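Student: My file is work.tsv. It has TSV, C-alpha atoms and all ligand atoms:
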chain	number	residue	atom	x	y	z
A	1	MET	CA	93.77	82.13	-30.15
A	2	ALA	CA	91.79	79.42	-31.96
A	3	GLN	CA	93.14	77.29	-34.78
A	4	GLY	CA	91.89	74.95	-37.50
A	5	THR	CA	93.27	73.05	-40.51
A	6	GLY	CA	91.99	71.89	-43.90
A	7	PHE	CA	93.65	69.48	-46.37
A	8	GLY	CA	94.23	70.06	-50.07
A	9	LYS	CA	92.99	67.43	-52.56
A	10	THR	CA	93.83	65.70	-55.80
A	11	ILE	CA	91.72	63.58	-58.18
A	12	LEU	CA	93.21	60.10	-58.59
A	13	PHE	CA	90.62	58.74	-61.06
A	14	GLY	CA	87.67	60.12	-62.99
A	15	GLU	CA	87.88	63.84	-63.70
A	16	HIS	CA	85.45	64.64	-66.55
A	17	PHE	CA	83.83	61.17	-66.32
A	18	VAL	CA	82.38	62.30	-62.99
A	19	VAL	CA	80.41	65.01	-64.82
A	20	TYR	CA	78.43	62.22	-66.54
A	21	GLY	CA	77.53	60.42	-63.33
A	22	LEU	CA	80.43	57.92	-63.31
A	23	PRO	CA	82.36	57.46	-60.04
A	24	ALA	CA	85.57	59.34	-59.31
A	25	ILE	CA	88.20	58.69	-56.64
A	26	ALA	CA	89.71	61.75	-54.97
A	27	SER	CA	92.07	62.04	-52.04
A	28	ALA	CA	93.17	64.59	-49.54
A	29	ILE	CA	96.88	65.38	-49.86
A	30	GLY	CA	99.27	65.76	-46.95
A	31	ASP	CA	99.57	69.52	-47.34
A	32	LYS	CA	97.21	71.72	-45.34
A	33	THR	CA	96.04	75.27	-44.84
A	34	ILE	CA	96.08	76.47	-41.22
A	35	ALA	CA	93.70	79.20	-40.02
A	36	THR	CA	94.04	81.05	-36.73
A	37	VAL	CA	91.28	83.30	-35.45
A	38	GLU	CA	91.56	85.84	-32.64
A	39	LYS	CA	89.52	88.77	-31.36
A	40	SER	CA	90.68	92.08	-32.79
A	41	SER	CA	89.77	95.77	-32.83
A	42	ARG	CA	88.74	95.53	-36.50
A	43	PHE	CA	88.04	92.78	-39.01
A	44	GLU	CA	91.21	91.63	-40.77
A	45	LEU	CA	92.29	88.81	-43.10
A	46	VAL	CA	96.04	88.12	-43.17
A	47	ASP	CA	96.80	85.69	-46.00
A	48	ASN	CA	100.27	84.19	-45.56
A	49	ARG	CA	99.60	81.08	-47.66
A	50	PRO	CA	102.25	80.21	-50.24
A	51	ALA	CA	100.67	80.69	-53.68
A	52	THR	CA	101.35	80.81	-57.38
A	53	SER	CA	101.86	84.35	-58.63
A	54	GLY	CA	98.56	86.16	-59.23
A	55	TYR	CA	96.48	83.50	-57.44
A	56	LYS	CA	95.35	85.65	-54.52
A	57	GLU	CA	94.51	88.63	-56.73
A	58	LYS	CA	92.50	86.47	-59.11
A	59	LYS	CA	90.65	84.80	-56.25
A	60	SER	CA	90.06	87.88	-54.09
A	61	GLY	CA	86.33	88.14	-54.88
A	62	GLU	CA	85.83	84.43	-54.27
A	63	ILE	CA	87.76	84.58	-50.98
A	64	SER	CA	85.68	87.57	-49.74
A	65	ARG	CA	82.43	85.76	-50.55
A	66	GLN	CA	83.64	82.66	-48.71
A	67	ILE	CA	84.60	84.68	-45.61
A	68	GLU	CA	81.26	86.53	-45.61
A	69	ALA	CA	79.38	83.23	-45.85
A	70	LEU	CA	81.41	81.77	-42.97
A	71	LEU	CA	80.94	84.81	-40.71
A	72	SER	CA	77.22	84.68	-41.37
A	73	HIS	CA	77.04	80.88	-40.82
A	74	PHE	CA	78.84	81.25	-37.47
A	75	ASN	CA	76.79	84.35	-36.52
A	76	ILE	CA	79.81	86.62	-36.25
A	77	ASP	CA	79.09	90.31	-36.64
A	78	ARG	CA	82.21	91.74	-38.28
A	79	LYS	CA	81.47	95.24	-36.83
A	80	ASN	CA	80.48	94.43	-33.25
A	81	SER	CA	82.74	91.44	-32.63
A	82	PRO	CA	85.59	91.74	-35.15
A	83	VAL	CA	88.16	89.00	-35.62
A	84	ARG	CA	91.56	88.68	-37.24
A	85	ILE	CA	91.85	85.58	-39.47
A	86	THR	CA	95.40	84.52	-40.36
A	87	LEU	CA	95.99	81.89	-43.05
A	88	SER	CA	99.20	79.89	-43.38
A	89	GLY	CA	100.30	76.25	-43.88
A	90	SER	CA	102.20	74.16	-46.41
A	91	LEU	CA	99.46	73.92	-49.06
A	92	PHE	CA	100.73	75.80	-52.12
A	93	CYS	CA	97.70	77.62	-53.50
A	94	THR	CA	97.04	77.20	-57.19
A	95	SER	CA	94.16	75.83	-59.30
A	96	GLY	CA	93.34	72.14	-58.92
A	97	VAL	CA	94.59	71.36	-55.39
A	98	GLY	CA	91.42	72.28	-53.51
A	99	ALA	CA	92.90	75.45	-51.99
A	100	SER	CA	89.56	77.21	-51.64
A	101	ALA	CA	88.02	74.25	-49.79
A	102	ALA	CA	91.07	74.08	-47.52
A	103	LEU	CA	90.54	77.76	-46.69
A	104	ALA	CA	86.86	77.17	-45.90
A	105	THR	CA	87.52	74.07	-43.80
A	106	SER	CA	90.38	75.57	-41.82
A	107	ILE	CA	88.43	78.75	-40.99
A	108	SER	CA	85.32	76.73	-40.05
A	109	ARG	CA	87.39	74.64	-37.65
A	110	ALA	CA	89.03	77.73	-36.14
A	111	LEU	CA	85.69	79.54	-35.65
A	112	ASN	CA	84.17	76.40	-34.15
A	113	ASP	CA	87.13	76.27	-31.75
A	114	MET	CA	86.91	79.97	-30.85
A	115	LEU	CA	83.16	79.87	-30.21
A	116	GLY	CA	83.35	76.52	-28.37
A	117	LEU	CA	80.52	75.09	-30.50
A	118	GLY	CA	81.75	71.50	-30.36
A	119	MET	CA	80.77	70.86	-34.00
A	120	ASP	CA	81.68	67.45	-35.38
A	121	ASP	CA	83.27	66.87	-38.81
A	122	GLU	CA	79.84	66.67	-40.46
A	123	GLY	CA	79.08	70.18	-39.18
A	124	ILE	CA	82.47	71.49	-40.33
A	125	ASN	CA	81.98	69.90	-43.76
A	126	LYS	CA	78.55	71.52	-44.09
A	127	ALA	CA	79.92	74.97	-43.16
A	128	ALA	CA	82.80	74.56	-45.65
A	129	TYR	CA	80.37	73.50	-48.38
A	130	ILE	CA	78.23	76.59	-47.80
A	131	ALA	CA	81.37	78.73	-48.14
A	132	GLU	CA	82.44	76.86	-51.29
A	133	CYS	CA	79.05	77.48	-52.91
A	134	ALA	CA	79.17	81.16	-51.91
A	135	GLY	CA	82.65	81.43	-53.46
A	136	THR	CA	82.09	79.73	-56.81
A	137	GLY	CA	78.31	79.68	-57.25
A	138	LYS	CA	78.22	75.87	-57.50
A	139	ALA	CA	80.33	73.14	-55.95
A	140	SER	CA	80.11	69.36	-56.10
A	141	GLY	CA	81.18	68.92	-52.49
A	142	ILE	CA	84.13	66.68	-53.35
A	143	ASP	CA	86.79	69.24	-52.37
A	144	ASN	CA	85.37	70.21	-48.96
A	145	THR	CA	84.71	66.54	-48.08
A	146	CYS	CA	88.35	65.61	-48.82
A	147	SER	CA	89.51	68.73	-47.01
A	148	THR	CA	87.50	67.96	-43.86
A	149	PHE	CA	87.80	64.19	-43.49
A	150	GLY	CA	91.15	63.55	-45.19
A	151	GLY	CA	91.84	60.18	-46.83
A	152	LEU	CA	90.27	58.72	-49.94
A	153	LEU	CA	86.82	59.42	-51.26
A	154	TRP	CA	84.59	57.56	-53.73
A	155	PHE	CA	82.39	60.21	-55.30
A	156	LYS	CA	79.39	59.89	-57.62
A	157	LYS	CA	77.42	62.85	-58.79
A	158	ASN	CA	73.64	62.50	-58.68
A	159	LEU	CA	72.54	63.61	-62.16
A	160	GLU	CA	68.92	63.92	-60.98
A	161	GLY	CA	69.96	66.70	-58.61
A	162	GLY	CA	69.64	64.72	-55.36
A	163	ALA	CA	72.42	64.10	-52.88
A	164	ASN	CA	75.73	62.94	-54.36
A	165	THR	CA	77.30	59.68	-53.20
A	166	MET	CA	80.42	60.30	-51.11
A	167	ASP	CA	81.87	57.17	-49.52
A	168	ARG	CA	85.10	57.29	-47.62
A	169	LEU	CA	87.48	54.50	-48.66
A	170	VAL	CA	89.99	52.97	-46.31
A	171	ALA	CA	93.24	52.80	-48.23
A	172	LYS	CA	96.50	51.08	-47.37
A	173	GLY	CA	98.12	54.53	-47.56
A	174	PRO	CA	99.46	57.05	-47.09
A	175	VAL	CA	101.45	56.60	-50.28
A	176	GLU	CA	103.87	59.07	-51.87
A	177	ILE	CA	102.92	60.99	-54.99
A	178	VAL	CA	104.40	63.89	-56.93
A	179	LEU	CA	102.22	66.59	-58.44
A	180	GLY	CA	103.74	68.37	-61.42
A	181	ASN	CA	102.56	71.75	-62.55
A	182	THR	CA	102.51	72.52	-66.30
A	183	GLY	CA	102.14	76.22	-65.46
A	184	ILE	CA	99.12	76.44	-67.78
A	185	THR	CA	95.83	77.59	-66.25
A	186	GLN	CA	92.61	76.40	-67.87
A	187	GLU	CA	89.05	77.28	-67.13
A	188	THR	CA	87.21	74.12	-66.04
A	189	LYS	CA	83.89	75.24	-67.52
A	190	ALA	CA	85.37	75.67	-71.02
A	191	VAL	CA	87.14	72.29	-71.05
A	192	VAL	CA	84.05	70.48	-69.71
A	193	GLY	CA	82.02	72.23	-72.44
A	194	ASP	CA	84.39	71.04	-75.18
A	195	VAL	CA	84.13	67.44	-73.99
A	196	ALA	CA	80.34	67.69	-74.12
A	197	LYS	CA	80.53	68.90	-77.74
A	198	GLU	CA	82.90	66.08	-78.74
A	199	ARG	CA	80.57	63.56	-77.14
A	200	GLU	CA	77.60	64.89	-79.08
A	201	LYS	CA	79.56	64.49	-82.33
A	202	ASP	CA	80.47	60.86	-81.66
A	203	PRO	CA	78.18	59.31	-79.02
A	204	GLU	CA	79.11	55.70	-79.89
A	205	THR	CA	82.85	56.22	-79.26
A	206	TYR	CA	82.10	58.04	-76.02
A	207	ARG	CA	79.78	55.24	-74.90
A	208	ARG	CA	82.67	52.78	-75.33
A	209	ILE	CA	85.12	55.08	-73.51
A	210	PHE	CA	82.69	55.57	-70.60
A	211	SER	CA	82.14	51.82	-70.36
A	212	ASP	CA	85.94	51.19	-70.29
A	213	TYR	CA	86.28	53.83	-67.57
A	214	SER	CA	83.50	52.24	-65.44
A	215	SER	CA	85.35	48.91	-65.28
A	216	LEU	CA	88.65	50.68	-64.64
A	217	VAL	CA	87.46	52.76	-61.67
A	218	ASN	CA	86.01	49.72	-59.90
A	219	GLU	CA	89.33	47.92	-60.28
A	220	ALA	CA	91.12	51.07	-59.05
A	221	LYS	CA	89.02	51.06	-55.88
A	222	SER	CA	90.20	47.51	-55.05
A	223	ALA	CA	93.84	48.31	-55.93
A	224	LEU	CA	93.89	51.35	-53.63
A	225	THR	CA	92.12	49.68	-50.72
A	226	GLU	CA	94.45	46.66	-51.01
A	227	GLY	CA	97.56	48.84	-51.37
A	228	ASP	CA	98.42	47.23	-54.72
A	229	TRP	CA	100.34	50.23	-56.01
A	230	VAL	CA	101.62	48.51	-59.17
A	231	ARG	CA	98.04	47.80	-60.26
A	232	ALA	CA	96.90	51.28	-59.19
A	233	GLY	CA	99.70	52.80	-61.29
A	234	ARG	CA	98.80	50.73	-64.35
A	235	LEU	CA	95.17	51.85	-63.98
A	236	MET	CA	96.24	55.49	-63.75
A	237	ASP	CA	98.05	55.03	-67.09
A	238	GLN	CA	94.89	53.52	-68.57
A	239	ASN	CA	92.78	56.37	-67.18
A	240	GLN	CA	95.19	58.80	-68.87
A	241	GLU	CA	94.72	56.95	-72.19
A	242	LEU	CA	90.95	57.53	-71.89
A	243	LEU	CA	91.53	61.19	-70.97
A	244	ARG	CA	93.61	61.55	-74.15
A	245	LYS	CA	90.75	60.10	-76.16
A	246	ILE	CA	88.33	62.69	-74.76
A	247	THR	CA	90.83	65.42	-75.80
A	248	VAL	CA	91.75	66.82	-72.37
A	249	SER	CA	95.49	66.10	-72.40
A	250	CYS	CA	98.08	68.37	-74.04
A	251	ASP	CA	101.76	68.33	-75.09
A	252	GLU	CA	103.05	69.70	-71.75
A	253	LEU	CA	101.15	67.07	-69.76
A	254	GLU	CA	102.42	64.33	-72.09
A	255	GLN	CA	105.98	65.59	-71.70
A	256	LEU	CA	105.64	65.46	-67.90
A	257	ILE	CA	104.06	62.00	-68.01
A	258	LYS	CA	106.86	60.62	-70.20
A	259	LEU	CA	109.47	62.16	-67.92
A	260	VAL	CA	108.07	60.66	-64.71
A	261	LYS	CA	107.45	57.26	-66.28
A	262	ASP	CA	111.05	57.20	-67.60
A	263	ASN	CA	112.14	57.88	-64.01
A	264	GLY	CA	110.21	54.98	-62.54
A	265	ALA	CA	106.78	56.36	-61.55
A	266	LEU	CA	104.30	53.46	-61.32
A	267	GLY	CA	101.59	55.46	-63.06
A	268	ALA	CA	100.86	59.00	-64.18
A	269	LYS	CA	97.95	61.00	-65.47
A	270	LEU	CA	96.58	64.50	-65.56
A	271	THR	CA	94.56	65.48	-62.51
A	272	GLY	CA	91.67	67.95	-62.49
A	273	THR	CA	90.62	69.96	-65.50
A	274	GLY	CA	93.45	69.01	-67.89
A	275	ARG	CA	94.88	70.70	-71.04
A	276	GLY	CA	97.41	72.07	-68.58
A	277	GLY	CA	97.15	72.28	-64.81
A	278	TYR	CA	98.53	69.35	-62.84
A	279	MET	CA	99.89	65.88	-63.49
A	280	ILE	CA	99.92	63.26	-60.73
A	281	ALA	CA	102.59	60.55	-60.53
A	282	LEU	CA	102.35	57.56	-58.21
A	283	THR	CA	105.76	57.13	-56.54
A	284	PRO	CA	105.62	54.83	-53.49
A	285	GLY	CA	108.51	55.36	-51.07
A	286	LYS	CA	110.53	58.48	-50.33
A	287	GLU	CA	113.38	57.43	-52.63
A	288	LEU	CA	111.29	57.04	-55.79
A	289	GLN	CA	109.35	60.20	-54.93
A	290	GLU	CA	112.57	62.19	-54.66
A	291	LYS	CA	114.00	60.75	-57.89
A	292	VAL	CA	110.86	61.62	-59.87
A	293	ALA	CA	110.43	65.08	-58.30
A	294	SER	CA	114.10	65.99	-58.92
A	295	ALA	CA	113.87	64.88	-62.55
A	296	MET	CA	110.87	67.16	-62.99
A	297	GLU	CA	112.63	70.08	-61.37
A	298	SER	CA	115.73	69.56	-63.54
A	299	ALA	CA	113.45	69.80	-66.57
A	300	GLY	CA	112.13	73.14	-65.28
A	301	PHE	CA	108.79	72.06	-63.80
A	302	LYS	CA	107.49	72.76	-60.29
A	303	ALA	CA	107.08	69.55	-58.29
A	304	LEU	CA	104.98	69.07	-55.17
A	305	ARG	CA	106.01	66.07	-53.04
A	306	THR	CA	103.10	64.87	-50.94
A	307	VAL	CA	101.03	61.82	-49.96
A	308	VAL	CA	97.51	60.50	-50.63
A	309	GLY	CA	95.27	57.96	-48.91
A	401	LIG	O1	90.53	71.24	-61.80
A	401	LIG	P1	89.71	70.76	-60.63
A	401	LIG	O2	90.52	70.14	-59.53
A	401	LIG	O3	88.72	71.78	-60.13
A	401	LIG	O4	88.82	69.51	-61.17
A	401	LIG	C1	87.86	69.60	-62.21
A	401	LIG	C2	87.19	68.26	-62.37
A	401	LIG	C3	86.20	68.13	-63.52
A	401	LIG	O5	85.74	66.78	-63.50
A	401	LIG	C4	86.87	68.37	-64.85
A	401	LIG	C5	85.02	69.08	-63.38
A	401	LIG	C6	84.06	68.74	-62.26
A	401	LIG	O6	83.27	69.64	-61.91
A	401	LIG	O7	84.06	67.64	-61.72
Please render this file's structure as structure tokens.
Ligand code: PMV
Tutor:
Amino acid sequence: MAQGTGFGKTILFGEHFVVYGLPAIASAIGDKTIATVEKSSRFELVDNRPATSGYKEKKSGEISRQIEALLSHFNIDRKNSPVRITLSGSLFCTSGVGASAALATSISRALNDMLGLGMDDEGINKAAYIAECAGTGKASGIDNTCSTFGGLLWFKKNLEGGANTMDRLVAKGPVEIVLGNTGITQETKAVVGDVAKEREKDPETYRRIFSDYSSLVNEAKSALTEGDWVRAGRLMDQNQELLRKITVSCDELEQLIKLVKDNGALGAKLTGTGRGGYMIALTPGKELQEKVASAMESAGFKALRTVVG
């Protein structure tokens, strides 16, 4: 039986700004998806991953396209040499944590292991990216890169259509975080579209916001690589202020942010699409992490305790 793993991810700085060619910082999180692959009498996918209700049903088409792309990439004929793929692991599948990339990466690693191909991480990342594109039609590559290599990633989209910049950062981590789920699902495309409309209405204000963000993200890179968590937290708060200005926060996110800040989180912001989805709180040390996560749970929110960096 062959096995492979893939990390989940979270965006620490720069969702939405990244769409306009500004840098973002993402990180793998400690939770992973595990794939096992074994020969079988017929093709089978057993999905034992923990997931938010309705996630697997909603994603079934995307998952099938990813699997087909992977079987084809690894030259596996599902009729003549069928396999059973079993998915498990601690990564709780929901929007915004890179679950689909973790699936693609873990299966790529398991197939590589089974076939004895000796692929390196670059090869695994490429296979996972192909599967990501097959699943969603278009992918930036940020999720599969975090999922494959782990750690922190400095990402800059190439607006001319060429290769994106993806530099791995060496952080002083891992550092504890808590992810809080608002329970609201948003479609990324719609929210990104709204921001574009707002920007067209008021280009001067957006120019100032983008310029503030550019300085902030460079400072964030130093704070994370130096392990200056107090400064990193303050910069997360400032990033959230800019995200509010571009209209992607919402009452539930603000409620969560206030709650975690009142309980000692060093910084907090939305992560991913916004107007719902996830909030990320920086909580160095197990004690602070537990205090913040418990406060969230007492208020009725789901909390994911994990690490970044
Ligand atoms: O919600 P997620 O984790 O898929 O992140 C979306 C990030 C955006 O910047 C809003 C969109 C994008 O394609 O980068």
Student: Provide an axis-aligned box for all listed atoms of ligand LIG 401 (chain A), padding each side by 5 Å; report its centre and its edge lengths in Å to one decimal, as JSON.
Tutor:
{"center_x": 86.9, "center_y": 69.3, "center_z": -62.2, "size_x": 17.3, "size_y": 15.0, "size_z": 15.3}
Student: Taking into account all atoms listed in the file, which residue in the set A:Thr185, A:Thr165, A:Ser90, A:Ser40 is nearest to ligand LIG 401 (chain A)?
Tutor: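 Result for the nearest residue to ligand LIG 401 (chain A): A:Thr185.
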Student: Mind checking which residues fall within 10 Å of range 96-101 of chain A, counting all atoms listed in the file, ignoring those fewer than 5 positions away in the same chain, and posting them as a PyMOL selection string?
Tutor: chain A and resi 6-11+28-29+31-33+49+51+59+62-63+66+91+106-107+125+128-129+131-132+135-136+139+141-148+179+181+185-186+188+271-274+277-278
Student: Using all atoms listed in the file, which residue out of A:Ser249, A:Ser27, A:Thr225, A:Ser95 lies closest to ligand LIG 401 (chain A)?
Tutor: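 Checking each candidate against ligand LIG 401 (chain A), we get A:Ser95 as the closest.
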Student: For CA of Thr283 in chain A and CA of Gly227 in chain A, determine how far apart the two atoms are, in Å to one decimal place.
Tutor: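 Pair CA of Thr283 in chain A / CA of Gly227 in chain A returns 12.8 Å.
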Student: Neighbours of Ile85 in chain A within 8 Å (only C-alpha atoms; same-chain residues fewer than 3 positions away dropped), as a list of chain:residue names?
Tutor: A:Ala35, A:Thr36, A:Val37, A:Glu38, A:Glu44, A:Leu45, A:Val46, A:Ile107
Student: Mind writing the picked residues with C-alpha atoms as a PDB file, in the coordinates of the input?
Tutor:
ATOM      1  CA  ALA A  35      93.700  79.200 -40.020  1.00  0.00           C
ATOM      2  CA  THR A  36      94.040  81.050 -36.730  1.00  0.00           C
ATOM      3  CA  VAL A  37      91.280  83.300 -35.450  1.00  0.00           C
ATOM      4  CA  GLU A  38      91.560  85.840 -32.640  1.00  0.00           C
ATOM      5  CA  GLU A  44      91.210  91.630 -40.770  1.00  0.00           C
ATOM      6  CA  LEU A  45      92.290  88.810 -43.100  1.00  0.00           C
ATOM      7  CA  VAL A  46      96.040  88.120 -43.170  1.00  0.00           C
ATOM      8  CA  ILE A 107      88.430  78.750 -40.990  1.00  0.00           C
TER       9      ILE A 107
END
Student: CA of Asp262 in chain A and CA of Asp237 in chain A, how far apart in Å?
Tutor: 13.2 Å
Student: Using all atoms listed in the file, find each residue in range 86-127 of chain A having at least one atom no more than 10 Å away from range 149-160 of chain A; report its shortest atom-to-atom pair and that distance in Å (one decimal), rows by chain then rising number, as a tab-separated table.
Tutor:
residue	atom	partner	partner_atom	distance
A:Thr105	CA	A:Phe149	CA	9.9
A:Asp121	CA	A:Phe149	CA	7.0
A:Glu122	CA	A:Phe149	CA	8.9
A:Ile124	CA	A:Phe149	CA	9.6
A:Asn125	CA	A:Phe149	CA	8.2
Student: Using all atoms listed in the file, which residue out of A:Val175, A:Ala110, A:Leu266, A:Val18 lies closest to Gly30 in chain A?
Tutor: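 Checking each candidate against Gly30 in chain A, we get A:Val175 as the closest.
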Student: So which one's closest to Gln3 in chain A, A:Ala24, A:Val19, A:Met114, A:Leu71? Using only C-alpha atoms, please.
Tutor: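 Looking at the shortest contact to Gln3 in chain A, the residue is A:Met114.
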Student: How many Å separate CA of Ala281 in chain A from CA of Leu224 in chain A?
Tutor: 14.4 Å
Student: Using all atoms listed in the file, which of A:Ala2, A:Leu235, A:Leu115, A:Leu12 sits nearest ligand LIG 401 (chain A)?
Tutor: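 Of the candidates, the smallest distance to ligand LIG 401 (chain A) is held by A:Leu12.
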Student: Can you tell me, as a PDB file with C-alpha atoms, in the frame of the given file, which residues sit within 9 Å of (105.6, 64.6, -57.7) in the file's frame, using only C-alpha atoms?
Tutor:
ATOM      1  CA  GLU A 176     103.870  59.070 -51.870  1.00  0.00           C
ATOM      2  CA  ILE A 177     102.920  60.990 -54.990  1.00  0.00           C
ATOM      3  CA  VAL A 178     104.400  63.890 -56.930  1.00  0.00           C
ATOM      4  CA  LEU A 179     102.220  66.590 -58.440  1.00  0.00           C
ATOM      5  CA  GLY A 180     103.740  68.370 -61.420  1.00  0.00           C
ATOM      6  CA  VAL A 260     108.070  60.660 -64.710  1.00  0.00           C
ATOM      7  CA  MET A 279      99.890  65.880 -63.490  1.00  0.00           C
ATOM      8  CA  ILE A 280      99.920  63.260 -60.730  1.00  0.00           C
ATOM      9  CA  ALA A 281     102.590  60.550 -60.530  1.00  0.00           C
ATOM     10  CA  LEU A 282     102.350  57.560 -58.210  1.00  0.00           C
ATOM     11  CA  THR A 283     105.760  57.130 -56.540  1.00  0.00           C
ATOM     12  CA  GLN A 289     109.350  60.200 -54.930  1.00  0.00           C
ATOM     13  CA  GLU A 290     112.570  62.190 -54.660  1.00  0.00           C
ATOM     14  CA  VAL A 292     110.860  61.620 -59.870  1.00  0.00           C
ATOM     15  CA  ALA A 293     110.430  65.080 -58.300  1.00  0.00           C
ATOM     16  CA  SER A 294     114.100  65.990 -58.920  1.00  0.00           C
ATOM     17  CA  MET A 296     110.870  67.160 -62.990  1.00  0.00           C
ATOM     18  CA  LYS A 302     107.490  72.760 -60.290  1.00  0.00           C
ATOM     19  CA  ALA A 303     107.080  69.550 -58.290  1.00  0.00           C
ATOM     20  CA  LEU A 304     104.980  69.070 -55.170  1.00  0.00           C
ATOM     21  CA  ARG A 305     106.010  66.070 -53.040  1.00  0.00           C
ATOM     22  CA  THR A 306     103.100  64.870 -50.940  1.00  0.00           C
TER      23      THR A 306
END
Student: Could you pull the residues within 10 Å of Asn218 in chain A, counting only C-alpha atoms, minus those fewer than 3 positions along the same chain, as a CSV table (one decimal) with C-alpha atoms, in the coordinates of the input?
Tutor:
chain,number,residue,atom,x,y,z
A,23,PRO,CA,82.4,57.5,-60.0
A,24,ALA,CA,85.6,59.3,-59.3
A,25,ILE,CA,88.2,58.7,-56.6
A,213,TYR,CA,86.3,53.8,-67.6
A,214,SER,CA,83.5,52.2,-65.4
A,215,SER,CA,85.4,48.9,-65.3
A,221,LYS,CA,89.0,51.1,-55.9
A,222,SER,CA,90.2,47.5,-55.0
A,223,ALA,CA,93.8,48.3,-55.9
Student: Restricting the calculation to only C-alpha atoms, which member of A:Arg42, A:Leu117, A:Val308, A:Ala220 is positioned closest to Asn80 in chain A?
Tutor: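 The answer is A:Arg42, which sits nearest to Asn80 in chain A.
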